[in-house]
Amino acid sequence: MGVLTPPAPRALPAVDVRAVVRTVTGIAFLLVVGYLVLVPLVRLQLRAVTGTADDGFAAAFGRPEFGRIVTNTIGLAVGSLVIGLVLGTVLAWAASRLPHRLRFLALLPVLPIVVPAIASIAGWTFLLAPVPGYLNALLRLLPWWSGRTEGPINIYSVTWIVILTGFGLTSFVYLFVRAALANISADHLEAAAVSGSSSLGVFLRVTLPLLRPALLYGGGVALLLGLGQFTAPLLLGTNQGVTVLTTDLYNQVTATPVHTGMAAAIGTPLLVFGVLVVAIQKVGLGDERRFVTHGGKGFRAPLRPSRFAAVVIVLYAIVAVALPILGLIALAMSRFWSSKIDVSKWSFANFATILGDGRTMEAVGNSLLYSVVAAAIVLPVGFFAATLILRRRRYPFIAPLLDVVVALPLGVPAVLFGVGFLLAYSTAPLVLYGTPWVMVLVYVTLMLPFATRMQMAALLALGDSYQEASRISGAGPVRTTLGIVVPMLRSSFGGAAALIFVLLTHEFTASVLVRSIHTNVMGTVLFDYWSAGNYPVVAAVALVMTAVTTVGVGLALLVGGAESFGRM
């Protein structure tokens with residue numbers, strides 16, 4: 001008989017070390033970003049749930065004026081959404097129709113972002129305040145309003161708060177829609193035209209469906225920013241008792257005694273609605289690769305140039321940018337605010353005041369430092385997040401969760417994050433309140449969606465062909481990213497850096513809640529001057545803010561190259 005030999009042991013499958021490392025790295029990254037975003041929101045909701053009868057949900061929702069506050073909030077969000085969506089889309093379409101020698105005008109609709117919101121609102125106030133407003137004084141010279149002692153426009157009304165908020169949201173919609181228009185391949189439009197479709201038919205059947213991600217995302221951004229609007233209601237609405245949820249929340253936090261439970265409860269509807277909008281966006285968009293009509297350097301849609309498009313863009317820039325800046329200049333050069341402008345008495349005394357104020361100059365330095373450090377952190381974080389999210393097949397569980405987490409700061413008003421960070425980082429385990437790091441962390445958190453979305457759009461437009469060619473040639477993932485992807489996305493990085501720097505140097509909403517006496521920034525100092533009624537100095541600080549932001553944007557775009565203007 002033969003000797004029976006035992007069967008050979010079954011070989012264990014080889015462990016893909018690289019796959020394990022990628023998974024562990026992805027999970028660690030998700031946990032860090034999740035902690036940064038979710039802990040302040042969880043602390044906020046825990047405070048609302050554990051609040052007492054006099055400082056919780058019952059106290060917040062049981063007030064007789066709460067219904068009116070909610071109505072004001074919804075009206076502000078919907079009204080500003082309509083204005084921003086319509087104007088942003090029209091301006092993006094006009095920018096695509098500019099003659100070649102006038103293409104530089106496509107930058108004008110972005111300029112309202114460069115002007116700080118708090119500075120723009122102040123400038124409009126100095127123009128349209130019922131009695132001393134410069135523009136109102138000119139309008140009263142017309143026959144229709146002659147003899148009036150005030151008006152005809154009341155900048156402090158709900159209508160004008162909605163209009164000014166809509167102007168502020170227009171630039172964001174414009175950026176998304178313009179980028180989507182630029183990435184539509186000419187082949188699709190030419191094919192539709194050859195098939196007999198009219199210009200309107202091409203727009204409705206081809207262009208508009210391909211713009212769905214930009215309209216859905218841009219509209220969602222505008223809606224969420226409208227719901228979380230804080231600056232205009234605070235500066236204008238307080239004058240006539242117009243309150244929205246964000247200013248109501250701020251009033252509870254700054255009251256004596258502080259009602260943090262009521263503030264957290266007031267923010268709950270905003271938080272829930274923001275999460276719902278983010279979820280609807282994700283379901284509505286699905287896989288965004290479906291809307292990419294070319295990879296890499298594709299064609300651009302050939303459109304007949306129009307001089308009327310240039311007129312539309314210039315008119316918008318005059319109204320949205322030039323007028324409030326002129327209002328700021330007129331008051332900053334004056335000794336006091338009145339309806340009459342006397343150029344012969346103009347001086348630089350107000351600028352001398354702020355230059356001689358150590359607190360103001362410290363705030364300028366703080367704004368620059370916090371913004372640069374936060375941008376340096378959030379740009380690589382956003383790039384890594386965008387890369388993980390786009391590799392859903394490789395990270396089937398991590399990518400969807402990360403996509404939701406990085407989108408949350410856009411769905412949650414900045415004032416909620418301000419209160420959340422105040423609660424999260426003023427107690428153990430991380431006590432950071434009063435230090436610069438709490439400002440940097442809240443800035444990084446607020447900018448995560450912008451850094452991720454802009455770089456994700458750039459990666460989608462780039463496609464996978466370049467990376468695949470590099471890997472076939474033997475280059476690893478790190479070498480491919482640093483040697484191929486990063487250089488090709490230089491202009492996109494420049495545009496993202498410029499936009500983030502602008503938004504951070506303007507940041508006021510969260511800053512006013514987490515600041516200490518040593519961590520003031522330009523926006524909080526301007527607000528202090530506003531509260532004290534020193535309006536000429538307010539105008540001077542607003543112009544300094546605008547100048548600082550402009551210089552910073554110029555440097556960011558210089559590093560990113562000339563194409564960064566188109567990527568911003």
# chains A, B, ... in the order shown; residues from 1 in each chain; ligands from 1
$ residues_around --residues "range 98-102 of chain A" --least-positions-apart "6" --cutoff "12 Å" --atoms "only C-alpha atoms" --output "mmCIF file with C-alpha atoms, in the first residue's frame"
data_model
loop_
_atom_site.group_PDB
_atom_site.id
_atom_site.type_symbol
_atom_site.label_atom_id
_atom_site.label_comp_id
_atom_site.auth_asym_id
_atom_site.auth_seq_id
_atom_site.Cartn_x
_atom_site.Cartn_y
_atom_site.Cartn_z
ATOM 1 C CA LEU A 91 -23.499 87.245 -15.491
ATOM 2 C CA ALA A 92 -21.869 83.856 -16.157
ATOM 3 C CA LEU A 108 -15.627 92.083 -12.496
ATOM 4 C CA PRO A 302 -18.012 78.646 -29.242
ATOM 5 C CA LEU A 303 -20.454 81.492 -28.624
ATOM 6 C CA ARG A 304 -21.059 84.603 -30.684
ATOM 7 C CA PRO A 305 -19.415 87.574 -28.953
ATOM 8 C CA SER A 306 -21.753 90.288 -27.693
ATOM 9 C CA ARG A 307 -20.983 93.869 -26.685
ATOM 10 C CA PHE A 308 -24.244 93.931 -24.728
ATOM 11 C CA ALA A 309 -22.732 91.244 -22.453
ATOM 12 C CA ALA A 310 -19.933 93.670 -21.581
ATOM 13 C CA VAL A 311 -22.473 96.389 -20.757
ATOM 14 C CA VAL A 312 -24.353 94.023 -18.401
ATOM 15 C CA ILE A 313 -21.186 93.090 -16.517
ATOM 16 C CA VAL A 314 -19.942 96.681 -16.209
#
$ residues_around --residues "range 168-175 of chain A" --least-positions-apart "4" --cutoff "7 Å" --atoms "only C-alpha atoms" --output "ChimeraX atom specification"
/A:84-85,87-89,91-92,109-110,112-113,164,179,218-219,222
$ atom_distance --atom1 "CA of Val381 in chain A" --atom2 "CA of Val412 in chain A"
19.6 Å
$ closest_atom_pairs --of "range 399-502 of chain A" --to "range 363-380 of chain A" --cutoff "6 Å" --atoms "only C-alpha atoms" --output "JSON lines"
{"residue": "A:Val440", "atom": "CA", "partner": "A:Ala374", "partner_atom": "CA", "distance": 5.4}
{"residue": "A:Val444", "atom": "CA", "partner": "A:Ala374", "partner_atom": "CA", "distance": 5.3}
{"residue": "A:Ala451", "atom": "CA", "partner": "A:Leu379", "partner_atom": "CA", "distance": 5.8}
{"residue": "A:Phe501", "atom": "CA", "partner": "A:Ser371", "partner_atom": "CA", "distance": 6.0}
$ write_last_selection --atoms "C-alpha atoms" --output "short mmCIF file (atom, residue, chain, number, x, y, z; two decimals), in the first residue's frame"
data_model
loop_
_atom_site.label_atom_id
_atom_site.label_comp_id
_atom_site.auth_asym_id
_atom_site.auth_seq_id
_atom_site.Cartn_x
_atom_site.Cartn_y
_atom_site.Cartn_z
CA VAL A 440 -7.15 79.27 12.99
CA VAL A 444 -9.89 75.94 8.62
CA ALA A 451 -11.00 74.11 -0.61
CA PHE A 501 -7.73 84.30 1.60
#
$ residues_around --residues "Asn239 in chain A" --least-positions-apart "6" --cutoff "12 Å" --atoms "only C-alpha atoms" --output "list in words"
Thr125, Ala129, Pro130, Asn154, Ile155, Tyr156, Ser157, Val158, Ile161, Ala232, Pro233 and Ser531 of chain A
$ select_by_dssp --residues "range 422-558 of chain A" --states "alpha helix (DSSP H)" --output "PyMOL selection string"
chain A and resi 422-424+436-462+465-472+477-480+486-488+490-506+511-514+522-531+535-558
$ closest_residue --among "A:Val541, A:Leu423, A:Ala386, A:Leu271" --to "Leu460 in chain A" --atoms "only C-alpha atoms"
A:Ala386
$ residues_around --residues "range 437-439 of chain A" --least-positions-apart "6" --cutoff "8 Å" --atoms "only C-alpha atoms" --output "ChimeraX atom specification"
/A:370,421,425,511,514-515,519
$ write_last_selection --atoms "N, CA and C atoms" --output "mmCIF file, in the first residue's frame"
data_model
loop_
_atom_site.group_PDB
_atom_site.id
_atom_site.type_symbol
_atom_site.label_atom_id
_atom_site.label_comp_id
_atom_site.auth_asym_id
_atom_site.auth_seq_id
_atom_site.Cartn_x
_atom_site.Cartn_y
_atom_site.Cartn_z
ATOM 1 N N TYR A 370 -3.674 84.835 10.738
ATOM 2 C CA TYR A 370 -4.634 83.731 10.847
ATOM 3 C C TYR A 370 -5.074 83.241 9.471
ATOM 4 N N PHE A 421 -17.605 76.245 18.602
ATOM 5 C CA PHE A 421 -16.196 76.296 18.962
ATOM 6 C C PHE A 421 -16.007 76.924 20.336
ATOM 7 N N TYR A 425 -14.030 74.353 22.778
ATOM 8 C CA TYR A 425 -12.618 74.610 23.072
ATOM 9 C C TYR A 425 -12.408 75.552 24.245
ATOM 10 N N SER A 511 -15.749 84.984 14.016
ATOM 11 C CA SER A 511 -14.671 85.677 14.734
ATOM 12 C C SER A 511 -15.194 86.490 15.905
ATOM 13 N N VAL A 514 -15.707 84.022 18.900
ATOM 14 C CA VAL A 514 -14.597 83.291 19.526
ATOM 15 C C VAL A 514 -13.402 84.190 19.821
ATOM 16 N N ARG A 515 -13.481 85.466 19.501
ATOM 17 C CA ARG A 515 -12.344 86.362 19.739
ATOM 18 C C ARG A 515 -12.138 86.608 21.233
ATOM 19 N N THR A 519 -7.100 88.616 20.289
ATOM 20 C CA THR A 519 -7.254 87.937 18.997
ATOM 21 C C THR A 519 -8.282 88.636 18.117
#
$ residues_around --residues "Tyr217 in chain A" --least-positions-apart "5" --cutoff "12 Å" --atoms "only C-alpha atoms" --output "JSON, numbers by chain"
{"A": [85, 172, 173, 174, 175, 176, 177, 180, 211, 212, 222, 223, 224, 277, 278, 279, 280, 281, 282, 283, 284, 285, 286, 288, 407, 410, 411, 449, 450, 453, 454, 457]}
